[in-house]
Structure formats: C-alpha cells, structure tokens
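Just target.cif here, mmCIF, N, CA, C and O atoms:
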```cif
data_model
loop_
_atom_site.label_atom_id
_atom_site.label_comp_id
_atom_site.auth_asym_id
_atom_site.auth_seq_id
_atom_site.Cartn_x
_atom_site.Cartn_y
_atom_site.Cartn_z
N MET A 61 -7.93 36.84 15.89
CA MET A 61 -7.08 36.47 14.76
C MET A 61 -7.51 37.26 13.53
O MET A 61 -8.67 37.30 13.19
N GLN A 62 -6.57 37.83 12.87
CA GLN A 62 -6.85 38.54 11.63
C GLN A 62 -7.05 37.54 10.50
O GLN A 62 -6.45 36.47 10.49
N ASN A 63 -7.90 37.92 9.55
CA ASN A 63 -8.08 37.09 8.37
C ASN A 63 -6.86 37.27 7.48
O ASN A 63 -6.61 38.34 6.97
N GLN A 64 -6.11 36.20 7.31
CA GLN A 64 -4.90 36.25 6.49
C GLN A 64 -5.05 35.29 5.32
O GLN A 64 -5.11 34.09 5.52
N THR A 65 -5.13 35.84 4.14
CA THR A 65 -5.21 35.03 2.93
C THR A 65 -3.92 35.22 2.17
O THR A 65 -3.45 36.34 2.01
N GLN A 66 -3.37 34.12 1.71
CA GLN A 66 -2.07 34.18 1.05
C GLN A 66 -2.02 33.16 -0.07
O GLN A 66 -2.47 32.02 0.10
N VAL A 67 -1.51 33.55 -1.20
CA VAL A 67 -1.28 32.64 -2.31
C VAL A 67 0.22 32.53 -2.51
O VAL A 67 0.91 33.54 -2.60
N VAL A 68 0.72 31.30 -2.58
CA VAL A 68 2.15 31.06 -2.76
C VAL A 68 2.33 30.08 -3.90
O VAL A 68 1.72 29.01 -3.90
N ASN A 69 3.14 30.42 -4.87
CA ASN A 69 3.47 29.50 -5.95
C ASN A 69 4.75 28.77 -5.56
O ASN A 69 5.84 29.34 -5.57
N LEU A 70 4.61 27.50 -5.20
CA LEU A 70 5.76 26.72 -4.73
C LEU A 70 6.80 26.50 -5.82
O LEU A 70 7.94 26.17 -5.52
N ASN A 71 6.44 26.68 -7.07
CA ASN A 71 7.39 26.53 -8.17
C ASN A 71 8.52 27.56 -8.11
O ASN A 71 9.56 27.37 -8.73
N PHE A 72 8.30 28.66 -7.39
CA PHE A 72 9.30 29.72 -7.33
C PHE A 72 10.15 29.67 -6.08
O PHE A 72 10.97 30.56 -5.85
N LEU A 73 10.00 28.63 -5.26
CA LEU A 73 10.81 28.49 -4.06
C LEU A 73 12.06 27.69 -4.40
O LEU A 73 11.97 26.58 -4.93
N ASN A 74 13.22 28.25 -4.09
CA ASN A 74 14.48 27.59 -4.45
C ASN A 74 15.38 27.31 -3.24
O ASN A 74 16.34 26.56 -3.35
N ASP A 75 15.10 27.93 -2.11
CA ASP A 75 15.94 27.75 -0.94
C ASP A 75 15.81 26.33 -0.40
O ASP A 75 14.83 25.64 -0.63
N ARG A 76 16.80 25.93 0.38
CA ARG A 76 16.75 24.61 1.02
C ARG A 76 15.60 24.56 2.02
O ARG A 76 14.93 23.57 2.17
N LYS A 77 15.36 25.66 2.72
CA LYS A 77 14.28 25.74 3.71
C LYS A 77 13.67 27.13 3.63
O LYS A 77 14.40 28.12 3.63
N GLU A 78 12.35 27.16 3.58
CA GLU A 78 11.67 28.45 3.53
C GLU A 78 10.32 28.34 4.22
O GLU A 78 9.54 27.43 3.93
N ILE A 79 10.06 29.27 5.16
CA ILE A 79 8.74 29.31 5.80
C ILE A 79 7.78 29.91 4.79
O ILE A 79 7.95 31.04 4.35
N VAL A 80 6.77 29.14 4.42
CA VAL A 80 5.80 29.57 3.42
C VAL A 80 4.74 30.45 4.05
O VAL A 80 4.38 31.50 3.51
N THR A 81 4.24 30.05 5.20
CA THR A 81 3.27 30.84 5.95
C THR A 81 3.34 30.46 7.41
O THR A 81 3.74 29.35 7.75
N SER A 82 2.96 31.40 8.27
CA SER A 82 3.01 31.15 9.70
C SER A 82 1.98 32.03 10.39
O SER A 82 1.84 33.20 10.05
N ASN A 83 1.27 31.45 11.34
CA ASN A 83 0.35 32.21 12.18
C ASN A 83 0.26 31.52 13.53
O ASN A 83 1.02 30.59 13.79
N GLU A 84 -0.67 31.93 14.39
CA GLU A 84 -0.73 31.36 15.73
C GLU A 84 -1.28 29.93 15.75
O GLU A 84 -1.16 29.24 16.76
N LYS A 85 -1.86 29.46 14.66
CA LYS A 85 -2.44 28.11 14.61
C LYS A 85 -1.52 27.07 13.96
O LYS A 85 -1.57 25.90 14.31
N TYR A 86 -0.73 27.48 12.99
CA TYR A 86 0.13 26.53 12.30
C TYR A 86 1.20 27.28 11.50
O TYR A 86 1.12 28.49 11.31
N LYS A 87 2.19 26.51 11.03
CA LYS A 87 3.14 27.06 10.07
C LYS A 87 3.43 26.00 9.02
O LYS A 87 3.37 24.80 9.29
N CYS A 88 3.71 26.48 7.82
CA CYS A 88 4.07 25.61 6.69
C CYS A 88 5.49 25.93 6.28
O CYS A 88 5.83 27.10 6.09
N VAL A 89 6.29 24.89 6.16
CA VAL A 89 7.70 25.06 5.79
C VAL A 89 7.99 24.20 4.57
O VAL A 89 7.65 23.02 4.53
N TYR A 90 8.61 24.81 3.57
CA TYR A 90 9.00 24.13 2.34
C TYR A 90 10.47 23.73 2.47
O TYR A 90 11.30 24.51 2.92
N PHE A 91 10.77 22.49 2.08
CA PHE A 91 12.15 21.99 2.10
C PHE A 91 12.51 21.47 0.71
O PHE A 91 11.69 20.85 0.04
N ASN A 92 13.74 21.71 0.33
CA ASN A 92 14.30 21.21 -0.93
C ASN A 92 15.53 20.39 -0.55
O ASN A 92 16.56 20.95 -0.19
N PHE A 93 15.42 19.06 -0.60
CA PHE A 93 16.48 18.18 -0.12
C PHE A 93 17.20 17.48 -1.27
O PHE A 93 16.57 17.08 -2.24
N GLU A 94 18.49 17.29 -1.11
CA GLU A 94 19.27 16.41 -1.98
C GLU A 94 19.26 15.02 -1.33
O GLU A 94 18.92 14.87 -0.16
N VAL A 95 19.67 14.01 -2.07
CA VAL A 95 19.72 12.65 -1.54
C VAL A 95 20.55 12.62 -0.26
O VAL A 95 21.65 13.17 -0.22
N GLY A 96 20.02 12.02 0.79
CA GLY A 96 20.73 11.90 2.06
C GLY A 96 20.51 13.07 3.00
O GLY A 96 20.79 12.96 4.19
N ASP A 97 20.02 14.20 2.48
CA ASP A 97 19.69 15.34 3.35
C ASP A 97 18.39 15.04 4.09
O ASP A 97 17.65 14.14 3.73
N GLY A 98 18.11 15.85 5.08
CA GLY A 98 16.83 15.68 5.77
C GLY A 98 16.79 16.46 7.06
O GLY A 98 17.46 17.47 7.24
N LEU A 99 15.99 15.94 7.97
CA LEU A 99 15.80 16.55 9.28
C LEU A 99 16.20 15.53 10.33
O LEU A 99 15.63 14.42 10.39
N ALA A 100 17.17 15.89 11.16
CA ALA A 100 17.64 14.99 12.22
C ALA A 100 16.53 14.74 13.23
O ALA A 100 15.51 15.43 13.24
N LYS A 101 16.73 13.77 14.10
CA LYS A 101 15.74 13.43 15.11
C LYS A 101 15.29 14.69 15.86
O LYS A 101 16.12 15.47 16.32
N HIS A 102 13.97 14.85 15.96
CA HIS A 102 13.39 16.01 16.64
C HIS A 102 11.93 15.72 16.95
O HIS A 102 11.40 14.67 16.57
N HIS A 103 11.28 16.65 17.61
CA HIS A 103 9.85 16.56 17.88
C HIS A 103 9.28 17.96 18.02
O HIS A 103 10.03 18.93 18.16
N HIS A 104 7.96 18.05 17.95
CA HIS A 104 7.25 19.31 18.15
C HIS A 104 6.12 19.05 19.14
O HIS A 104 5.63 17.92 19.24
N ASP A 105 5.67 20.06 19.82
CA ASP A 105 4.57 19.91 20.76
C ASP A 105 3.25 20.15 20.04
O ASP A 105 2.56 21.14 20.27
N GLY A 106 2.92 19.26 19.09
CA GLY A 106 1.69 19.39 18.33
C GLY A 106 1.60 18.29 17.29
O GLY A 106 2.22 17.24 17.43
N TYR A 107 0.84 18.56 16.26
CA TYR A 107 0.65 17.62 15.17
C TYR A 107 1.31 18.16 13.91
O TYR A 107 1.60 19.35 13.82
N ALA A 108 1.51 17.28 12.92
CA ALA A 108 2.18 17.72 11.70
C ALA A 108 1.71 16.90 10.51
O ALA A 108 1.15 15.80 10.67
N THR A 109 1.95 17.45 9.34
CA THR A 109 1.80 16.70 8.09
C THR A 109 3.06 16.89 7.28
O THR A 109 3.72 17.94 7.36
N VAL A 110 3.39 15.87 6.51
CA VAL A 110 4.49 15.93 5.56
C VAL A 110 3.90 15.57 4.21
O VAL A 110 3.32 14.49 4.05
N LEU A 111 4.02 16.47 3.24
CA LEU A 111 3.53 16.25 1.89
C LEU A 111 4.73 16.25 0.94
O LEU A 111 5.46 17.24 0.86
N VAL A 112 4.94 15.13 0.27
CA VAL A 112 6.05 15.02 -0.69
C VAL A 112 5.54 15.52 -2.04
O VAL A 112 4.69 14.89 -2.67
N LEU A 113 6.06 16.66 -2.46
CA LEU A 113 5.67 17.24 -3.74
C LEU A 113 6.42 16.58 -4.89
O LEU A 113 5.89 16.41 -5.99
N LYS A 114 7.67 16.24 -4.62
CA LYS A 114 8.54 15.63 -5.64
C LYS A 114 9.58 14.79 -4.91
O LYS A 114 10.04 15.16 -3.84
N GLY A 115 9.94 13.65 -5.48
CA GLY A 115 10.99 12.83 -4.89
C GLY A 115 10.46 11.75 -3.97
O GLY A 115 9.33 11.28 -4.11
N ALA A 116 11.28 11.39 -2.99
CA ALA A 116 10.94 10.32 -2.04
C ALA A 116 11.71 10.54 -0.75
O ALA A 116 12.88 10.93 -0.78
N VAL A 117 11.03 10.30 0.38
CA VAL A 117 11.66 10.45 1.69
C VAL A 117 11.32 9.24 2.56
O VAL A 117 10.33 8.54 2.31
N LYS A 118 12.14 9.03 3.57
CA LYS A 118 11.88 7.99 4.57
C LYS A 118 11.77 8.67 5.92
O LYS A 118 12.64 9.45 6.29
N MET A 119 10.69 8.37 6.64
CA MET A 119 10.50 8.91 7.98
C MET A 119 10.53 7.77 8.98
O MET A 119 9.90 6.73 8.77
N THR A 120 11.27 7.97 10.07
CA THR A 120 11.39 6.97 11.12
C THR A 120 10.92 7.58 12.43
O THR A 120 11.25 8.73 12.73
N PHE A 121 10.15 6.80 13.19
CA PHE A 121 9.61 7.26 14.47
C PHE A 121 10.21 6.45 15.60
O PHE A 121 10.40 5.24 15.47
N GLU A 122 10.51 7.11 16.72
CA GLU A 122 11.09 6.44 17.88
C GLU A 122 9.99 6.05 18.86
O GLU A 122 9.89 6.61 19.94
N THR A 123 9.19 5.12 18.45
CA THR A 123 8.14 4.59 19.32
C THR A 123 7.73 3.24 18.76
O THR A 123 7.97 2.95 17.60
N GLU A 124 7.12 2.45 19.60
CA GLU A 124 6.65 1.16 19.14
C GLU A 124 5.20 1.27 18.67
O GLU A 124 4.47 2.15 19.10
N ASN A 125 4.84 0.39 17.79
CA ASN A 125 3.45 0.27 17.34
C ASN A 125 2.89 1.51 16.68
O ASN A 125 1.81 1.98 17.01
N VAL A 126 3.62 2.09 15.76
CA VAL A 126 3.08 3.19 14.97
C VAL A 126 2.09 2.58 13.99
O VAL A 126 2.46 1.72 13.20
N PRO A 127 0.81 2.99 14.03
CA PRO A 127 -0.18 2.39 13.13
C PRO A 127 0.24 2.52 11.67
O PRO A 127 0.73 3.56 11.25
N LEU A 128 0.08 1.46 10.93
CA LEU A 128 0.33 1.40 9.49
C LEU A 128 1.81 1.42 9.11
O LEU A 128 2.13 1.35 7.93
N ALA A 129 2.71 1.51 10.07
CA ALA A 129 4.13 1.59 9.74
C ALA A 129 4.77 0.20 9.81
O ALA A 129 4.42 -0.61 10.65
N ASP A 130 5.73 -0.02 8.94
CA ASP A 130 6.53 -1.24 8.98
C ASP A 130 7.79 -0.91 9.75
O ASP A 130 8.64 -0.16 9.26
N GLU A 131 7.90 -1.44 10.96
CA GLU A 131 9.04 -1.17 11.84
C GLU A 131 9.21 0.32 12.11
O GLU A 131 10.33 0.84 12.14
N ASN A 132 8.09 1.03 12.27
CA ASN A 132 8.08 2.46 12.61
C ASN A 132 8.70 3.33 11.53
O ASN A 132 9.22 4.41 11.80
N VAL A 133 8.66 2.85 10.28
CA VAL A 133 9.23 3.57 9.14
C VAL A 133 8.15 3.76 8.07
O VAL A 133 7.39 2.84 7.78
N PHE A 134 8.11 4.97 7.53
CA PHE A 134 7.23 5.27 6.40
C PHE A 134 8.11 5.70 5.23
O PHE A 134 8.98 6.56 5.39
N GLU A 135 7.86 5.12 4.07
CA GLU A 135 8.53 5.56 2.85
C GLU A 135 7.49 6.27 2.01
O GLU A 135 6.50 5.66 1.60
N LEU A 136 7.71 7.55 1.81
CA LEU A 136 6.75 8.39 1.10
C LEU A 136 7.33 8.83 -0.23
O LEU A 136 8.48 9.26 -0.30
N SER A 137 6.53 8.72 -1.27
CA SER A 137 6.96 9.18 -2.59
C SER A 137 6.06 10.32 -3.05
O SER A 137 5.16 10.75 -2.32
N GLU A 138 6.31 10.77 -4.25
CA GLU A 138 5.63 11.94 -4.79
C GLU A 138 4.11 11.85 -4.61
O GLU A 138 3.50 10.82 -4.86
N ASN A 139 3.53 12.96 -4.14
CA ASN A 139 2.09 13.11 -3.91
C ASN A 139 1.56 12.30 -2.74
O ASN A 139 0.35 12.15 -2.59
N MET A 140 2.43 11.80 -1.88
CA MET A 140 1.99 11.11 -0.67
C MET A 140 2.10 12.08 0.51
O MET A 140 3.00 12.90 0.57
N MET A 141 1.14 11.95 1.45
CA MET A 141 1.12 12.79 2.63
C MET A 141 0.99 11.90 3.87
O MET A 141 0.28 10.91 3.85
N LEU A 142 1.69 12.28 4.92
CA LEU A 142 1.62 11.59 6.19
C LEU A 142 1.23 12.61 7.25
O LEU A 142 1.84 13.68 7.35
N SER A 143 0.18 12.31 8.01
CA SER A 143 -0.18 13.15 9.16
C SER A 143 0.16 12.36 10.41
O SER A 143 -0.03 11.14 10.44
N PHE A 144 0.66 13.05 11.45
CA PHE A 144 1.14 12.31 12.62
C PHE A 144 1.22 13.21 13.85
O PHE A 144 1.18 14.43 13.75
N ASP A 145 1.36 12.56 14.99
CA ASP A 145 1.57 13.23 16.26
C ASP A 145 3.06 13.57 16.35
O ASP A 145 3.90 12.69 16.53
N ALA A 146 3.37 14.84 16.18
CA ALA A 146 4.77 15.27 16.12
C ALA A 146 5.45 15.30 17.48
O ALA A 146 6.64 15.60 17.57
N ARG A 147 4.71 14.95 18.54
CA ARG A 147 5.34 14.84 19.86
C ARG A 147 6.23 13.61 19.94
O ARG A 147 7.09 13.51 20.80
N VAL A 148 6.03 12.67 19.02
CA VAL A 148 6.88 11.48 18.93
C VAL A 148 8.15 11.86 18.18
O VAL A 148 8.10 12.50 17.13
N VAL A 149 9.29 11.51 18.73
CA VAL A 149 10.57 11.82 18.08
C VAL A 149 10.62 11.13 16.71
O VAL A 149 10.27 9.96 16.57
N HIS A 150 11.03 11.90 15.71
CA HIS A 150 11.05 11.40 14.34
C HIS A 150 12.18 12.06 13.56
O HIS A 150 12.72 13.08 13.98
N ASP A 151 12.51 11.45 12.43
CA ASP A 151 13.47 12.06 11.52
C ASP A 151 12.99 11.84 10.09
O ASP A 151 12.03 11.10 9.85
N LEU A 152 13.63 12.53 9.16
CA LEU A 152 13.27 12.44 7.75
C LEU A 152 14.55 12.46 6.94
O LEU A 152 15.42 13.30 7.19
N VAL A 153 14.67 11.53 5.98
CA VAL A 153 15.84 11.46 5.11
C VAL A 153 15.36 11.33 3.67
O VAL A 153 14.53 10.47 3.36
N ALA A 154 15.90 12.18 2.79
CA ALA A 154 15.54 12.13 1.38
C ALA A 154 16.21 10.93 0.72
O ALA A 154 17.41 10.73 0.84
N GLN A 155 15.40 10.15 0.01
CA GLN A 155 15.90 8.99 -0.73
C GLN A 155 16.20 9.36 -2.18
O GLN A 155 16.83 8.59 -2.90
N ALA A 156 15.71 10.52 -2.58
CA ALA A 156 15.91 11.08 -3.93
C ALA A 156 15.85 12.59 -3.77
O ALA A 156 15.40 13.08 -2.73
N PRO A 157 16.30 13.37 -4.75
CA PRO A 157 16.11 14.81 -4.65
C PRO A 157 14.61 15.08 -4.41
O PRO A 157 13.77 14.54 -5.14
N SER A 158 14.29 15.84 -3.37
CA SER A 158 12.90 15.94 -2.94
C SER A 158 12.50 17.36 -2.57
O SER A 158 13.31 18.13 -2.05
N GLN A 159 11.24 17.64 -2.83
CA GLN A 159 10.60 18.87 -2.40
C GLN A 159 9.47 18.47 -1.48
O GLN A 159 8.60 17.66 -1.86
N VAL A 160 9.48 19.01 -0.26
CA VAL A 160 8.56 18.58 0.78
C VAL A 160 7.93 19.80 1.45
O VAL A 160 8.61 20.79 1.70
N LEU A 161 6.63 19.70 1.71
CA LEU A 161 5.92 20.75 2.44
C LEU A 161 5.49 20.18 3.78
O LEU A 161 4.77 19.17 3.84
N VAL A 162 5.95 20.79 4.87
CA VAL A 162 5.64 20.35 6.23
C VAL A 162 4.73 21.37 6.88
O VAL A 162 5.01 22.58 6.83
N THR A 163 3.64 20.91 7.48
CA THR A 163 2.75 21.78 8.24
C THR A 163 2.80 21.33 9.69
O THR A 163 2.66 20.15 9.98
N ILE A 164 3.02 22.29 10.59
CA ILE A 164 3.14 21.99 12.02
C ILE A 164 2.05 22.78 12.75
O ILE A 164 1.96 24.00 12.57
N SER A 165 1.26 22.10 13.56
CA SER A 165 0.17 22.76 14.28
C SER A 165 0.69 23.60 15.44
O SER A 165 1.86 23.51 15.82
N GLU A 166 -0.22 24.39 16.01
CA GLU A 166 0.09 25.15 17.20
C GLU A 166 0.48 24.21 18.33
O GLU A 166 0.16 23.02 18.29
N ARG A 167 1.12 24.75 19.34
CA ARG A 167 1.49 23.95 20.51
C ARG A 167 0.23 23.46 21.23
O ARG A 167 -0.75 24.16 21.32
N LEU A 168 0.31 22.23 21.71
CA LEU A 168 -0.80 21.69 22.49
C LEU A 168 -0.65 22.15 23.93
O LEU A 168 0.45 22.31 24.43
N SER A 169 -1.76 22.34 24.58
CA SER A 169 -1.68 22.80 25.98
C SER A 169 -1.67 21.65 26.95
O SER A 169 -1.81 20.54 26.66
#
```

Spit out the file's structure as structure tokens when you get a sec.
Amino acid sequence: MQNQTQVVNLNFLNDRKEIVTSNEKYKCVYFNFEVGDGLAKHHHDGYATVLVLKGAVKMTFETENVPLADENVFELSENMMLSFDARVVHDLVAQAPSQVLVTISERLS
C-alpha cells in the first residue's frame, strides 16, 4: 500500500454525493441531504460509520436487538457518530437539511 496523505476541506463540498477519499481499506463519502432525502435500504460487506456534520438523520436497521437502539432506530443529530456492522440492511433519512460523512471499511473475507 502506498502512503496516501490527503487534506480535504469539507466546507467546499457542494455536491449531493462526493467520494472524499478511497483506498483498498476504506472509503469516505460526503452526502448533502435535503429533508426526506437519504439512502434507501442497502448493506455493505464490512463495517461503517456515519458522522452527522450538520442537521439530523434517522437510521433504521432490519434486524432485531440492535444494541442501544430503540426499535432498531437511531436518531442522530449534529456531531453525533454511529459505528455499525454494515452487513445488516439499513437505511438513512434526513430529518433536517444535513451534511453527513460516511466511512465504509474494506470487504470482509
């Protein structure tokens, strides 16, 4: 693996979706959502984090007994981060205009 150092100023990202960085270990994707926008039900073969930079989002998981969740739902507001097993089907819906940074790990073997 090559040493890749990158500085990104998130204040200059305006697109609805933009890959901030990507390598063989993980990728970071920036999202800019309006109320009601989000990510439909999906999953990844790895782990993920969701960091709410601005706004508020609701994440729902399709599994029983998600630790710390009320009815498998997390409501995240500004400066909150959720780390989770992204192999579980989940979705995300913006409750307010939101800026979100998602990190997705490499595929699990």

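The protein and nucleic acid residues lying at most 6 Å from segment 90-99 of chain A are Asp75, Arg76, Lys77, Glu78, Ile79, Val80, His150, Asp151, Leu152, Val153, Ala154, Gln155, Ala156, Pro157, Ser158, Gln159, Val160, Leu161 and Val162 of chain A, with all atoms listed in the file considered and sequence neighbours fewer than 5 positions away removed.
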
Those same residues - N, CA, C and O atoms - I'd like them written as a PDB file, in the frame of the given file.
```pdb
ATOM      1  N   ASP A  75      15.100  27.930  -2.110  1.00  0.00           N
ATOM      2  CA  ASP A  75      15.940  27.750  -0.940  1.00  0.00           C
ATOM      3  C   ASP A  75      15.810  26.330  -0.400  1.00  0.00           C
ATOM      4  O   ASP A  75      14.830  25.640  -0.630  1.00  0.00           O
ATOM      5  N   ARG A  76      16.800  25.930   0.380  1.00  0.00           N
ATOM      6  CA  ARG A  76      16.750  24.610   1.020  1.00  0.00           C
ATOM      7  C   ARG A  76      15.600  24.560   2.020  1.00  0.00           C
ATOM      8  O   ARG A  76      14.930  23.570   2.170  1.00  0.00           O
ATOM      9  N   LYS A  77      15.360  25.660   2.720  1.00  0.00           N
ATOM     10  CA  LYS A  77      14.280  25.740   3.710  1.00  0.00           C
ATOM     11  C   LYS A  77      13.670  27.130   3.630  1.00  0.00           C
ATOM     12  O   LYS A  77      14.400  28.120   3.630  1.00  0.00           O
ATOM     13  N   GLU A  78      12.350  27.160   3.580  1.00  0.00           N
ATOM     14  CA  GLU A  78      11.670  28.450   3.530  1.00  0.00           C
ATOM     15  C   GLU A  78      10.320  28.340   4.220  1.00  0.00           C
ATOM     16  O   GLU A  78       9.540  27.430   3.930  1.00  0.00           O
ATOM     17  N   ILE A  79      10.060  29.270   5.160  1.00  0.00           N
ATOM     18  CA  ILE A  79       8.740  29.310   5.800  1.00  0.00           C
ATOM     19  C   ILE A  79       7.780  29.910   4.790  1.00  0.00           C
ATOM     20  O   ILE A  79       7.950  31.040   4.350  1.00  0.00           O
ATOM     21  N   VAL A  80       6.770  29.140   4.420  1.00  0.00           N
ATOM     22  CA  VAL A  80       5.800  29.570   3.420  1.00  0.00           C
ATOM     23  C   VAL A  80       4.740  30.450   4.050  1.00  0.00           C
ATOM     24  O   VAL A  80       4.380  31.500   3.510  1.00  0.00           O
ATOM     25  N   HIS A 150      11.030  11.900  15.710  1.00  0.00           N
ATOM     26  CA  HIS A 150      11.050  11.400  14.340  1.00  0.00           C
ATOM     27  C   HIS A 150      12.180  12.060  13.560  1.00  0.00           C
ATOM     28  O   HIS A 150      12.720  13.080  13.980  1.00  0.00           O
ATOM     29  N   ASP A 151      12.510  11.450  12.430  1.00  0.00           N
ATOM     30  CA  ASP A 151      13.470  12.060  11.520  1.00  0.00           C
ATOM     31  C   ASP A 151      12.990  11.840  10.090  1.00  0.00           C
ATOM     32  O   ASP A 151      12.030  11.100   9.850  1.00  0.00           O
ATOM     33  N   LEU A 152      13.630  12.530   9.160  1.00  0.00           N
ATOM     34  CA  LEU A 152      13.270  12.440   7.750  1.00  0.00           C
ATOM     35  C   LEU A 152      14.550  12.460   6.940  1.00  0.00           C
ATOM     36  O   LEU A 152      15.420  13.300   7.190  1.00  0.00           O
ATOM     37  N   VAL A 153      14.670  11.530   5.980  1.00  0.00           N
ATOM     38  CA  VAL A 153      15.840  11.460   5.110  1.00  0.00           C
ATOM     39  C   VAL A 153      15.360  11.330   3.670  1.00  0.00           C
ATOM     40  O   VAL A 153      14.530  10.470   3.360  1.00  0.00           O
ATOM     41  N   ALA A 154      15.900  12.180   2.790  1.00  0.00           N
ATOM     42  CA  ALA A 154      15.540  12.130   1.380  1.00  0.00           C
ATOM     43  C   ALA A 154      16.210  10.930   0.720  1.00  0.00           C
ATOM     44  O   ALA A 154      17.410  10.730   0.840  1.00  0.00           O
ATOM     45  N   GLN A 155      15.400  10.150   0.010  1.00  0.00           N
ATOM     46  CA  GLN A 155      15.900   8.990  -0.730  1.00  0.00           C
ATOM     47  C   GLN A 155      16.200   9.360  -2.180  1.00  0.00           C
ATOM     48  O   GLN A 155      16.830   8.590  -2.900  1.00  0.00           O
ATOM     49  N   ALA A 156      15.710  10.520  -2.580  1.00  0.00           N
ATOM     50  CA  ALA A 156      15.910  11.080  -3.930  1.00  0.00           C
ATOM     51  C   ALA A 156      15.850  12.590  -3.770  1.00  0.00           C
ATOM     52  O   ALA A 156      15.400  13.080  -2.730  1.00  0.00           O
ATOM     53  N   PRO A 157      16.300  13.370  -4.750  1.00  0.00           N
ATOM     54  CA  PRO A 157      16.110  14.810  -4.650  1.00  0.00           C
ATOM     55  C   PRO A 157      14.610  15.080  -4.410  1.00  0.00           C
ATOM     56  O   PRO A 157      13.770  14.540  -5.140  1.00  0.00           O
ATOM     57  N   SER A 158      14.290  15.840  -3.370  1.00  0.00           N
ATOM     58  CA  SER A 158      12.900  15.940  -2.940  1.00  0.00           C
ATOM     59  C   SER A 158      12.500  17.360  -2.570  1.00  0.00           C
ATOM     60  O   SER A 158      13.310  18.130  -2.050  1.00  0.00           O
ATOM     61  N   GLN A 159      11.240  17.640  -2.830  1.00  0.00           N
ATOM     62  CA  GLN A 159      10.600  18.870  -2.400  1.00  0.00           C
ATOM     63  C   GLN A 159       9.470  18.470  -1.480  1.00  0.00           C
ATOM     64  O   GLN A 159       8.600  17.660  -1.860  1.00  0.00           O
ATOM     65  N   VAL A 160       9.480  19.010  -0.260  1.00  0.00           N
ATOM     66  CA  VAL A 160       8.560  18.580   0.780  1.00  0.00           C
ATOM     67  C   VAL A 160       7.930  19.800   1.450  1.00  0.00           C
ATOM     68  O   VAL A 160       8.610  20.790   1.700  1.00  0.00           O
ATOM     69  N   LEU A 161       6.630  19.700   1.710  1.00  0.00           N
ATOM     70  CA  LEU A 161       5.920  20.750   2.440  1.00  0.00           C
ATOM     71  C   LEU A 161       5.490  20.180   3.780  1.00  0.00           C
ATOM     72  O   LEU A 161       4.770  19.170   3.840  1.00  0.00           O
ATOM     73  N   VAL A 162       5.950  20.790   4.870  1.00  0.00           N
ATOM     74  CA  VAL A 162       5.640  20.350   6.230  1.00  0.00           C
ATOM     75  C   VAL A 162       4.730  21.370   6.880  1.00  0.00           C
ATOM     76  O   VAL A 162       5.010  22.580   6.830  1.00  0.00           O
TER      77      VAL A 162
END
```

Fill in: Backbone-only DSSP, strand (DSSP E or B) members of segment 71-139 of chain A, as a PyMOL selection string
chain A and resi 77-82+86-93+98-102+107-114+116-121+130+133-137

Worksheet item: Hey, what comes out of the PyMOL selection byres ((chain A and resi 168) around 8) on this file? Could you write it as JSON, numbers by chain?
Response: {"A": [104, 105, 106, 107, 165, 166, 167, 169]}

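Of the listed residues (A:Val149, A:Ala100, A:Leu73, A:Leu111), A:Leu111 comes nearest to Leu136 of chain A; the distances count all atoms listed in the file.
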
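The coordinates place atom CA of Phe121 of chain A at 10.0 Å from atom CA of Phe144 of chain A.
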